[in-house]
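File shown: input-v3.cif. Contents: mmCIF, C-alpha atoms.
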```
data_query
#
loop_
_atom_site.label_atom_id
_atom_site.label_comp_id
_atom_site.auth_asym_id
_atom_site.auth_seq_id
_atom_site.Cartn_x
_atom_site.Cartn_y
_atom_site.Cartn_z
CA MET A 238 37.85 -6.77 -7.62
CA ARG A 239 36.76 -3.14 -7.31
CA PRO A 240 36.22 -3.25 -3.48
CA THR A 241 39.71 -4.73 -3.09
CA LEU A 242 41.27 -1.89 -5.11
CA ILE A 243 39.34 0.72 -3.13
CA LEU A 244 40.45 -0.80 0.20
CA THR A 245 44.08 -1.02 -0.95
CA ALA A 246 44.07 2.60 -2.13
CA ALA A 247 42.53 3.75 1.16
CA LEU A 248 45.19 1.93 3.16
CA VAL A 249 48.00 3.49 1.11
CA LEU A 250 46.56 6.98 1.45
CA LEU A 251 45.96 6.65 5.16
CA ALA A 252 49.27 4.97 5.97
CA PRO A 253 51.15 8.21 6.87
CA VAL A 254 48.26 9.33 9.05
CA GLY A 255 48.08 5.94 10.78
CA ALA A 256 51.82 5.92 11.41
CA ARG A 257 51.65 9.25 13.24
CA ALA A 258 48.68 8.11 15.31
CA ALA A 259 49.64 4.46 15.74
CA GLY A 260 50.32 4.73 19.43
CA GLU A 261 47.00 6.43 20.03
CA ASN A 262 45.11 3.33 18.86
CA ASP A 263 46.18 1.60 22.09
CA PRO A 264 43.54 2.00 24.82
CA TYR A 265 46.37 2.49 27.37
CA ARG A 266 49.19 5.00 27.47
CA ASP A 267 52.83 4.08 27.97
CA ASP A 268 52.60 4.98 31.65
CA GLY A 269 49.75 2.47 32.14
CA THR A 270 46.93 4.99 32.46
CA MET A 271 43.76 4.43 30.45
CA ARG A 272 43.34 6.45 27.27
CA TYR A 273 39.95 5.01 26.19
CA ARG A 274 37.65 3.49 28.82
CA PHE A 275 34.65 2.85 26.57
CA TYR A 276 34.25 1.31 23.15
CA THR A 277 31.20 1.18 20.87
CA GLY A 278 30.27 0.53 17.28
CA GLY A 279 28.00 -1.24 14.89
CA GLU A 280 27.86 -3.52 11.88
CA LEU A 281 25.62 -3.46 8.85
CA LEU A 282 24.68 -7.08 8.16
CA TYR A 283 23.54 -8.61 4.88
CA MET A 284 22.12 -11.95 6.00
CA GLU A 285 20.55 -14.92 4.31
CA ARG A 286 19.07 -18.08 5.78
CA ASP A 287 19.72 -21.77 5.09
CA GLY A 288 18.72 -25.06 6.64
CA THR A 289 14.94 -24.82 6.69
CA PRO A 290 13.20 -27.65 4.82
CA ASP A 291 11.66 -27.05 1.42
CA VAL A 292 8.08 -28.21 1.94
CA GLU A 293 5.79 -28.52 -1.06
CA VAL A 294 2.83 -26.20 -0.58
CA THR A 295 1.12 -26.06 -3.97
CA HIS A 296 1.07 -28.45 -6.93
CA ASN A 297 -1.04 -28.94 -10.01
CA ILE A 298 -2.36 -32.20 -11.36
CA ARG A 299 -2.74 -32.63 -15.12
CA SER A 300 -4.51 -35.73 -16.39
CA GLN A 301 -3.21 -37.79 -19.33
CA CYS A 302 -4.87 -39.93 -21.89
CA CYS A 303 -4.81 -43.67 -22.25
CA ALA A 304 -5.12 -44.44 -18.53
CA LEU A 305 -1.70 -42.94 -17.84
CA PRO A 306 -1.15 -41.62 -14.30
CA PRO A 307 -1.63 -37.86 -13.86
CA ILE A 308 1.37 -35.52 -13.89
CA VAL A 309 1.96 -33.83 -10.53
CA THR A 310 4.17 -30.72 -10.63
CA GLU A 311 5.27 -28.61 -7.66
CA VAL A 312 4.34 -24.97 -8.13
CA ILE A 313 5.17 -23.34 -4.78
CA GLY A 314 7.49 -24.55 -2.01
CA THR A 315 8.48 -22.90 1.25
CA ASP A 316 11.96 -22.24 -0.16
CA ASP A 317 10.35 -19.70 -2.48
CA VAL A 318 9.74 -17.36 0.45
CA ILE A 319 12.30 -18.39 3.08
CA ASP A 320 15.73 -19.44 1.77
CA ASP A 321 18.13 -17.68 -0.58
CA ASP A 322 16.78 -14.21 0.09
CA GLU A 323 19.09 -11.66 1.72
CA GLU A 324 17.97 -9.04 4.24
CA PHE A 325 19.77 -6.14 5.85
CA GLY A 326 20.22 -6.17 9.63
CA GLY A 327 22.40 -4.64 12.29
CA ARG A 328 24.64 -5.39 15.24
CA LEU A 329 25.38 -2.79 17.94
CA PHE A 330 27.71 -3.03 20.92
CA LEU A 331 28.82 -0.90 23.87
CA GLY A 332 31.61 -1.90 26.25
CA MET A 333 33.54 -0.61 29.22
CA ARG A 334 37.10 -1.55 30.14
CA LEU A 335 37.57 -2.27 33.83
CA ASN A 336 41.35 -2.63 33.65
CA ARG A 337 44.00 -3.87 31.23
CA SER A 338 42.70 -7.43 31.22
CA SER A 339 38.93 -7.21 31.71
CA ALA A 340 35.88 -5.53 30.23
CA VAL A 341 32.10 -5.86 30.16
CA GLU A 342 29.91 -5.28 27.13
CA ALA A 343 26.32 -5.34 25.88
CA VAL A 344 25.45 -6.49 22.36
CA TYR A 345 22.25 -6.31 20.29
CA MET A 346 21.70 -7.90 16.89
CA GLY A 347 18.56 -8.11 14.78
CA TRP A 348 16.89 -8.14 11.37
CA GLY A 349 13.58 -8.86 9.68
CA HIS A 350 12.50 -10.76 6.59
CA SER A 351 9.34 -10.54 4.49
CA ARG A 352 8.48 -12.16 1.17
CA SER A 353 5.49 -13.48 -0.73
CA THR A 354 4.78 -15.43 -3.89
CA SER A 355 1.69 -16.45 -5.85
CA ALA A 356 0.61 -19.11 -8.31
CA PHE A 357 -2.20 -18.58 -10.83
CA SER A 358 -3.89 -21.14 -13.07
CA PRO A 359 -6.77 -20.35 -15.44
CA PHE A 360 -7.58 -24.08 -15.37
CA GLU A 361 -8.28 -23.91 -11.62
CA ASP A 362 -6.15 -26.99 -11.02
CA LEU A 363 -3.97 -25.79 -8.13
CA ASN A 364 -3.93 -28.20 -5.20
CA ALA A 365 -2.38 -28.11 -1.74
CA PHE A 366 -0.88 -30.86 0.40
CA GLU A 367 -3.21 -33.33 2.04
CA PHE A 368 -3.71 -32.60 5.70
CA PRO A 369 -3.49 -35.58 8.07
CA ASP A 370 -6.96 -36.96 8.82
CA ALA A 371 -8.57 -33.96 7.14
CA SER A 372 -8.56 -34.58 3.41
CA SER A 373 -12.10 -33.22 3.17
CA PHE A 374 -10.84 -29.90 4.50
CA ALA A 375 -8.02 -29.79 1.94
CA ASP A 376 -10.44 -30.72 -0.86
CA GLY A 377 -12.82 -27.94 0.09
CA ALA A 378 -10.34 -25.21 0.94
CA PHE A 379 -7.30 -25.56 -1.30
CA ASP A 380 -7.85 -28.03 -4.12
CA ASP A 381 -9.01 -27.02 -7.60
CA ALA A 382 -8.15 -23.40 -6.85
CA ALA A 383 -7.23 -20.65 -9.29
CA VAL A 384 -4.79 -18.74 -7.08
CA HIS A 385 -2.57 -19.69 -4.14
CA ASP A 386 -0.81 -16.92 -2.21
CA LEU A 387 2.04 -17.78 0.18
CA GLU A 388 3.38 -15.09 2.51
CA PHE A 389 6.22 -15.33 5.00
CA ASP A 390 7.69 -12.88 7.48
CA SER A 391 10.10 -13.33 10.34
CA GLU A 392 12.03 -11.34 12.94
CA PHE A 393 15.27 -12.17 14.71
CA HIS A 394 16.39 -10.33 17.86
CA SER A 395 19.37 -11.12 20.09
CA GLY A 396 20.65 -9.42 23.23
CA GLU A 397 23.67 -10.42 25.29
CA ILE A 398 25.89 -9.28 28.16
CA ASN A 399 29.47 -10.55 28.18
CA TYR A 400 32.53 -10.42 30.39
CA ARG A 401 35.85 -10.33 28.52
CA HIS A 402 39.25 -11.31 29.84
CA ALA A 403 42.25 -10.39 27.69
CA VAL A 404 45.17 -12.82 27.43
CA GLN A 405 48.56 -11.93 25.98
CA VAL A 406 50.87 -14.82 25.09
CA ASP A 407 54.52 -14.08 25.93
CA GLY A 408 56.63 -13.77 22.81
CA ALA A 409 53.61 -13.89 20.46
CA ASP A 410 52.24 -11.10 18.33
CA TYR A 411 48.66 -12.28 18.58
CA ARG A 412 46.37 -11.82 21.56
CA PHE A 413 42.96 -13.13 22.44
CA ASN A 414 39.97 -12.50 24.70
CA LEU A 415 38.04 -15.13 26.61
CA LEU A 416 34.30 -14.44 26.78
CA ALA A 417 31.49 -15.57 29.06
CA GLY A 418 28.00 -14.17 29.27
CA LEU A 419 24.23 -14.43 29.20
CA ARG A 420 22.13 -14.23 26.04
CA GLY A 421 18.51 -14.10 24.98
CA ILE A 422 17.20 -14.71 21.45
CA ARG A 423 13.72 -14.25 19.98
CA LEU A 424 12.87 -15.76 16.57
CA GLU A 425 9.33 -15.27 15.28
CA GLU A 426 7.85 -16.56 12.01
CA ASN A 427 4.51 -16.28 10.22
CA LEU A 428 3.68 -18.42 7.19
CA ASP A 429 0.27 -17.88 5.58
CA LEU A 430 -1.33 -19.76 2.67
CA THR A 431 -4.45 -18.33 1.05
CA SER A 432 -6.51 -20.05 -1.63
CA TRP A 433 -8.73 -18.16 -4.12
CA ASP A 434 -11.38 -19.31 -6.55
CA SER A 435 -13.71 -17.94 -9.27
CA VAL A 436 -11.09 -15.91 -11.06
CA LEU A 437 -12.47 -13.98 -14.02
CA PHE A 438 -10.72 -13.09 -17.27
CA GLY A 439 -7.31 -14.39 -16.22
CA THR A 440 -6.69 -11.97 -13.33
CA PRO A 441 -6.97 -12.70 -9.59
CA PRO A 442 -9.70 -10.15 -8.70
CA PRO A 443 -12.59 -10.42 -8.44
CA ALA A 444 -12.37 -13.63 -6.46
CA PHE A 445 -13.31 -15.09 -3.12
CA ILE A 446 -11.27 -16.89 -0.50
CA ILE A 447 -11.97 -20.59 -0.20
CA GLY A 448 -9.20 -21.41 2.27
CA GLU A 449 -6.67 -19.94 4.70
CA TYR A 450 -3.94 -21.69 6.64
CA ASP A 451 -1.89 -19.45 8.93
CA ILE A 452 1.04 -20.68 11.02
CA SER A 453 2.83 -18.63 13.68
CA THR A 454 5.88 -19.81 15.62
CA ARG A 455 7.86 -18.08 18.31
CA ASN A 456 11.13 -19.28 19.83
CA THR A 457 12.39 -17.60 22.99
CA LEU A 458 15.88 -18.81 23.92
CA ILE A 459 17.54 -17.94 27.24
CA GLY A 460 20.96 -19.25 28.19
CA ALA A 461 24.68 -18.79 28.73
CA GLN A 462 27.60 -18.77 26.33
CA VAL A 463 31.39 -18.94 26.33
CA GLY A 464 33.81 -18.09 23.57
CA VAL A 465 37.10 -16.71 22.38
CA GLU A 466 38.12 -13.83 20.13
CA THR A 467 41.60 -13.80 18.60
CA PHE A 468 43.39 -10.80 17.10
CA VAL A 469 46.24 -11.45 14.66
CA PRO A 470 48.23 -8.34 13.65
CA LEU A 471 48.89 -8.02 9.92
CA TRP A 472 50.38 -4.55 9.59
CA ALA A 473 51.83 -2.80 12.65
CA ASP A 474 49.07 -1.13 14.63
CA ARG A 475 46.87 -0.49 11.62
CA LEU A 476 45.56 -3.80 10.30
CA ASP A 477 44.59 -7.01 12.08
CA LEU A 478 42.53 -10.15 11.56
CA ASP A 479 39.74 -10.79 14.07
CA LEU A 480 38.50 -14.37 14.62
CA TYR A 481 35.38 -14.71 16.79
CA PHE A 482 33.66 -17.86 18.14
CA VAL A 483 31.02 -18.38 20.87
CA ALA A 484 28.81 -21.35 21.77
CA GLY A 485 26.08 -21.71 24.34
CA GLY A 486 23.34 -23.89 25.78
CA TYR A 487 19.79 -22.57 25.99
CA ALA A 488 16.30 -23.30 27.21
CA ASN A 489 13.92 -22.62 24.32
CA GLN A 490 10.27 -21.85 24.92
CA THR A 491 8.49 -22.78 21.67
CA ASN A 492 5.08 -21.34 20.91
CA ILE A 493 3.17 -22.67 17.89
CA TYR A 494 -0.22 -21.39 16.74
CA VAL A 495 -2.24 -22.58 13.74
CA ASP A 496 -5.41 -20.93 12.42
CA SER A 497 -7.23 -22.60 9.49
CA PHE A 498 -10.37 -21.56 7.63
CA GLU A 499 -12.55 -23.32 5.05
CA GLY A 500 -14.51 -20.68 3.18
CA ASN A 501 -17.23 -22.82 1.61
CA SER A 502 -18.53 -24.10 4.93
CA GLY A 503 -17.23 -21.30 7.15
CA THR A 504 -15.39 -23.86 9.31
CA ARG A 505 -12.51 -22.47 11.35
CA GLY A 506 -10.00 -24.41 13.43
CA ARG A 507 -7.38 -23.21 15.90
CA GLN A 508 -4.61 -25.14 17.61
CA SER A 509 -1.68 -24.07 19.73
CA GLU A 510 1.10 -25.55 21.79
CA ILE A 511 3.70 -24.16 24.21
CA ASP A 512 6.68 -26.28 25.18
CA TRP A 513 10.24 -26.05 26.51
CA GLU A 514 13.13 -27.63 24.64
CA PRO A 515 16.94 -27.59 25.01
CA ALA A 516 18.76 -25.75 22.25
CA ALA A 517 22.25 -24.75 21.21
CA VAL A 518 23.56 -21.63 19.49
CA ILE A 519 26.94 -21.31 17.78
CA GLU A 520 28.15 -18.02 16.35
CA SER A 521 31.37 -17.36 14.45
CA ALA A 522 32.78 -14.43 12.56
CA ILE A 523 35.91 -13.32 10.74
CA HIS A 524 36.76 -9.64 10.31
CA LEU A 525 39.50 -7.53 8.84
CA ASN A 526 39.99 -4.48 11.10
CA VAL A 527 41.46 -1.32 9.58
CA ARG A 528 42.38 1.40 12.10
CA LEU A 529 41.68 4.74 10.44
CA TRP A 530 42.45 7.31 13.15
CA ARG A 531 42.78 7.66 16.92
CA GLY A 532 40.50 4.98 18.32
CA VAL A 533 38.52 4.62 15.08
CA LYS A 534 38.45 1.42 13.04
CA MET A 535 36.55 0.02 10.07
CA THR A 536 35.66 -3.67 9.89
CA LEU A 537 34.86 -5.87 6.91
CA GLY A 538 33.90 -9.49 7.45
CA TYR A 539 31.49 -12.41 7.52
CA ARG A 540 29.25 -13.69 10.32
CA ALA A 541 27.30 -16.94 10.77
CA ILE A 542 24.84 -18.10 13.45
CA TYR A 543 23.63 -21.69 13.86
CA ILE A 544 20.56 -22.52 16.02
CA ASN A 545 19.12 -25.99 16.63
CA ASN A 546 15.93 -27.39 18.15
CA ILE A 547 13.61 -24.58 17.12
CA ALA A 548 10.02 -24.54 15.92
CA ALA A 549 10.13 -23.47 12.27
CA ALA A 550 6.90 -22.44 10.56
CA ALA A 551 7.71 -24.43 7.41
CA GLU A 552 8.02 -27.65 9.42
CA GLN A 553 4.45 -27.33 10.68
CA PHE A 554 2.84 -27.42 7.23
CA PRO A 555 2.52 -31.18 6.72
CA ARG A 556 1.98 -31.89 10.43
CA SER A 557 -0.23 -29.14 11.82
CA GLY A 558 -3.85 -29.58 12.69
CA SER A 559 -6.86 -28.46 10.68
CA PRO A 560 -10.60 -28.76 11.31
CA GLY A 561 -11.19 -32.35 12.34
CA ASP A 562 -7.54 -33.15 13.01
CA THR A 563 -7.09 -33.97 16.71
CA ASN A 564 -3.40 -34.90 16.49
CA LYS A 565 -1.24 -31.76 16.64
CA ASN A 566 2.07 -33.52 16.05
CA PHE A 567 3.96 -30.22 15.97
CA ASP A 568 7.69 -30.27 15.18
CA VAL A 569 10.28 -28.47 17.36
CA SER A 570 13.49 -30.03 16.07
CA SER A 571 14.50 -27.77 13.20
CA ASP A 572 17.98 -26.37 12.60
CA THR A 573 18.71 -23.10 10.85
CA VAL A 574 21.73 -21.01 9.84
CA PHE A 575 21.88 -17.25 9.33
CA HIS A 576 24.99 -16.00 7.57
CA GLY A 577 26.22 -13.06 5.56
CA ALA A 578 28.70 -10.25 5.02
CA SER A 579 29.16 -7.31 7.37
CA LEU A 580 30.58 -3.80 7.25
CA GLY A 581 31.16 -1.94 10.50
CA LEU A 582 32.72 0.91 12.40
CA GLY A 583 34.21 0.86 15.91
CA ILE A 584 35.11 3.80 18.16
CA ASP A 585 37.12 3.94 21.40
CA PHE A 586 36.46 6.91 23.65
#
```
How does the structure come out when it is put into structure tokens?
Amino acid sequence: MRPTLILTAALVLLAPVGARAAGENDPYRDDGTMRYRFYTGGELLYMERDGTPDVEVTHNIRSQCCALPPIVTEVIGTDDVIDDDEEFGGRLFLGMRLNRSSAVEAVYMGWGHSRSTSAFSPFEDLNAFEFPDASSFADGAFDDAAVHDLEFDSEFHSGEINYRHAVQVDGADYRFNLLAGLRGIRLEENLDLTSWDSVLFGTPPPAFIIGEYDISTRNTLIGAQVGVETFVPLWADRLDLDLYFVAGGYANQTNIYVDSFEGNSGTRGRQSEIDWEPAAVIESAIHLNVRLWRGVKMTLGYRAIYINNIAAAAEQFPRSGSPGDTNKNFDVSSDTVFHGASLGLGIDF
């Protein structure tokens, strides 16, 4: 409620100023000459991620009396370090108007994510998933452990170049831009599980590592996109609603690398795979644009990005290789969604 009151008060206070400068928000003068050739700005993004699978990483097994089956309880899942955790990011753009109906622009967007979690048991009854064809490795490296540490970090980077063509519908207040361009996206993830044993006096150190399982994935998407952006005026030349939608087809180079270590025997295994897969990216956004002064506007909105057919680190946990596992069986069919609120500033000059 408070942000709404602040925005309303700001609009009321700035209304007289905006009325005097309303005409100067238009990139073109009345005689058709260009007032502002370039436009630039940025958005502060507050993004979270959904869609990645919640894979059980750590569980404990408690035995029962009277020949009853043991109780298995999940302790750590990949959702604990991936989903439902917001991160700040940014989106920057710079454009140049060629004439009244066309423009070209460059856009960058990116953010990073890092999180970790741990599980501790004085009973040393923490167990990990069973690796395919390598149960002896799991038994020696991750089962009956005192501490399991799970760490995750990721980076998202996107760069695009677009051509815009403005369309004005006769007799309508709204206007829209058609977009077409090229885009590249890089999504990198690292998911590391570490197992500790011999914990003394109820605290992790001193201890020694009995197992490590590190997964790295990199998705490099290159492709083309088309879209539309619609502007609906709400209050003269001062306030409008901005609806944005683009979709594209991409070639995705997936790179998966797995490094596993069994501390008791010193056995280390490494596997990797590089492949090309088709992928799709859909991005949409809704913004409220408030024009503050000559060529200056503030934006408040929400943005979402959907990507399919990627290699997600969490998906490799139950399938990846380990010492003695000759079947990689990597997965490159994950979907993910990044979404969140944004606050931005745009300037025409």
*Using all atoms listed in the file, can you list as an MDAnalysis selection string the residues within 8 Å of (20.9, -5.5, 13.7)?*
chainID A and resid 280:282 325:329 345:348 394
Using only C-alpha atoms, please write the residues we just selected to a file, as a compact mmCIF listing (two decimals), in the frame of the given file.
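As a result, result-v4.txt now contains:
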```txt
# COMPACT_ATOMS: atom_id res chain seq x y z
CA GLU A 280 27.86 -3.52 11.88
CA LEU A 281 25.62 -3.46 8.85
CA LEU A 282 24.68 -7.08 8.16
CA PHE A 325 19.77 -6.14 5.85
CA GLY A 326 20.22 -6.17 9.63
CA GLY A 327 22.40 -4.64 12.29
CA ARG A 328 24.64 -5.39 15.24
CA LEU A 329 25.38 -2.79 17.94
CA TYR A 345 22.25 -6.31 20.29
CA MET A 346 21.70 -7.90 16.89
CA GLY A 347 18.56 -8.11 14.78
CA TRP A 348 16.89 -8.14 11.37
CA HIS A 394 16.39 -10.33 17.86
```
*asked:* Given all atoms listed in the file as the basis, pick out the residue of A:Glu514, A:Glu392, A:Asp429, A:Asp572 nearest to Gln490 in chain A.
replied: A:Glu514
List the residues matched by the PyMOL selection byres ((chain A and resi 575) around 9) in the displayed structure as a compact mmCIF listing (two decimals) with C-alpha atoms, keeping the file's coordinate frame, ordered by chain and then by residue number.
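For reference, out_29.txt as written:
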```txt
# COMPACT_ATOMS: atom_id res chain seq x y z
CA MET A 284 22.12 -11.95 6.00
CA GLU A 285 20.55 -14.92 4.31
CA ARG A 286 19.07 -18.08 5.78
CA ASP A 287 19.72 -21.77 5.09
CA GLY A 288 18.72 -25.06 6.64
CA ARG A 540 29.25 -13.69 10.32
CA ALA A 541 27.30 -16.94 10.77
CA ILE A 542 24.84 -18.10 13.45
CA TYR A 543 23.63 -21.69 13.86
CA ILE A 544 20.56 -22.52 16.02
CA THR A 573 18.71 -23.10 10.85
CA VAL A 574 21.73 -21.01 9.84
CA HIS A 576 24.99 -16.00 7.57
CA GLY A 577 26.22 -13.06 5.56
```
*Given the file shown, determine the residues that the PyMOL selection byres ((chain A and resi 360) around 9) selects; report them as a VMD selection string.*
chain A and resid 357 to 359 361 to 363 381 to 383
*asked:* Could you list, as an NGL selection string, every residue matched by the PyMOL selection byres ((chain A and resi 352) around 6) in this structure?
replied: :A and (318 or 351 or 353 or 389)
*Give as a PyMOL selection string every residue, naming chains and numbers as the document does, that has an atom within 6 Å of (-2.9, -25.8, 16.8), counting all atoms listed in the file.*
chain A and resi 494-495+507-509+558
*Point out the residue among A:Tyr450, A:Trp472, A:Trp513, A:Phe379 with the least atom-to-atom distance to Phe498 in chain A, counting all atoms listed in the file.*
A:Tyr450
*Quick one: everything within 12 Å of range 416-419 of chain A, counting all atoms listed in the file, minus sequence neighbours fewer than 2 positions away in the same chain. Send it as a PyMOL selection string.*
chain A and resi 338-344+395-404+413-414+421-422+458-467+481-487
*Between A:Glu449, A:Glu552, A:Asp568, A:Asp477, which is the closest to Gly503 in chain A once you count all atoms listed in the file?*
A:Glu449
*By how many Å are CA of Thr289 in chain A and CA of Val312 in chain A apart?*
18.2 Å
*Quote the spacing between CA of Asp496 in chain A and CA of Val569 in chain A in Å to one decimal place.*
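These atoms are spaced 18.1 Å apart.
You can rank A:Glu499, A:Glu426, A:Asp474, A:Asp410 by their closest distance to Ile319 in chain A using all atoms listed in the file, and at the top of that list sits A:Glu426.
When only C-alpha atoms are used to measure the gap to Asp386 in chain A, the shortest distance among A:Gly506, A:Gly349, A:Gly448, A:Gly278 belongs to A:Gly448.
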*To one decimal place, how far is CA of Asp585 in chain A from CA of Ser521 in chain A in Å?*
23.1 Å
*Restricting the calculation to only C-alpha atoms, which member of A:His350, A:Arg334, A:His385, A:Arg455 is positioned closest to Asp434 in chain A?*
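Closest candidate: A:His385.
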Contacts of Ile547 in chain A within 8 Å, only C-alpha atoms, excl. fewer than 5 positions in-chain, as a PDB file with C-alpha atoms, in the coordinates of the input:
```
ATOM      1  CA  ASN A 456      11.130 -19.280  19.830  1.00  0.00           C
ATOM      2  CA  ASN A 489      13.920 -22.620  24.320  1.00  0.00           C
ATOM      3  CA  THR A 491       8.490 -22.780  21.670  1.00  0.00           C
ATOM      4  CA  ALA A 516      18.760 -25.750  22.250  1.00  0.00           C
ATOM      5  CA  VAL A 569      10.280 -28.470  17.360  1.00  0.00           C
ATOM      6  CA  SER A 570      13.490 -30.030  16.070  1.00  0.00           C
ATOM      7  CA  SER A 571      14.500 -27.770  13.200  1.00  0.00           C
ATOM      8  CA  ASP A 572      17.980 -26.370  12.600  1.00  0.00           C
TER       9      ASP A 572
END
```
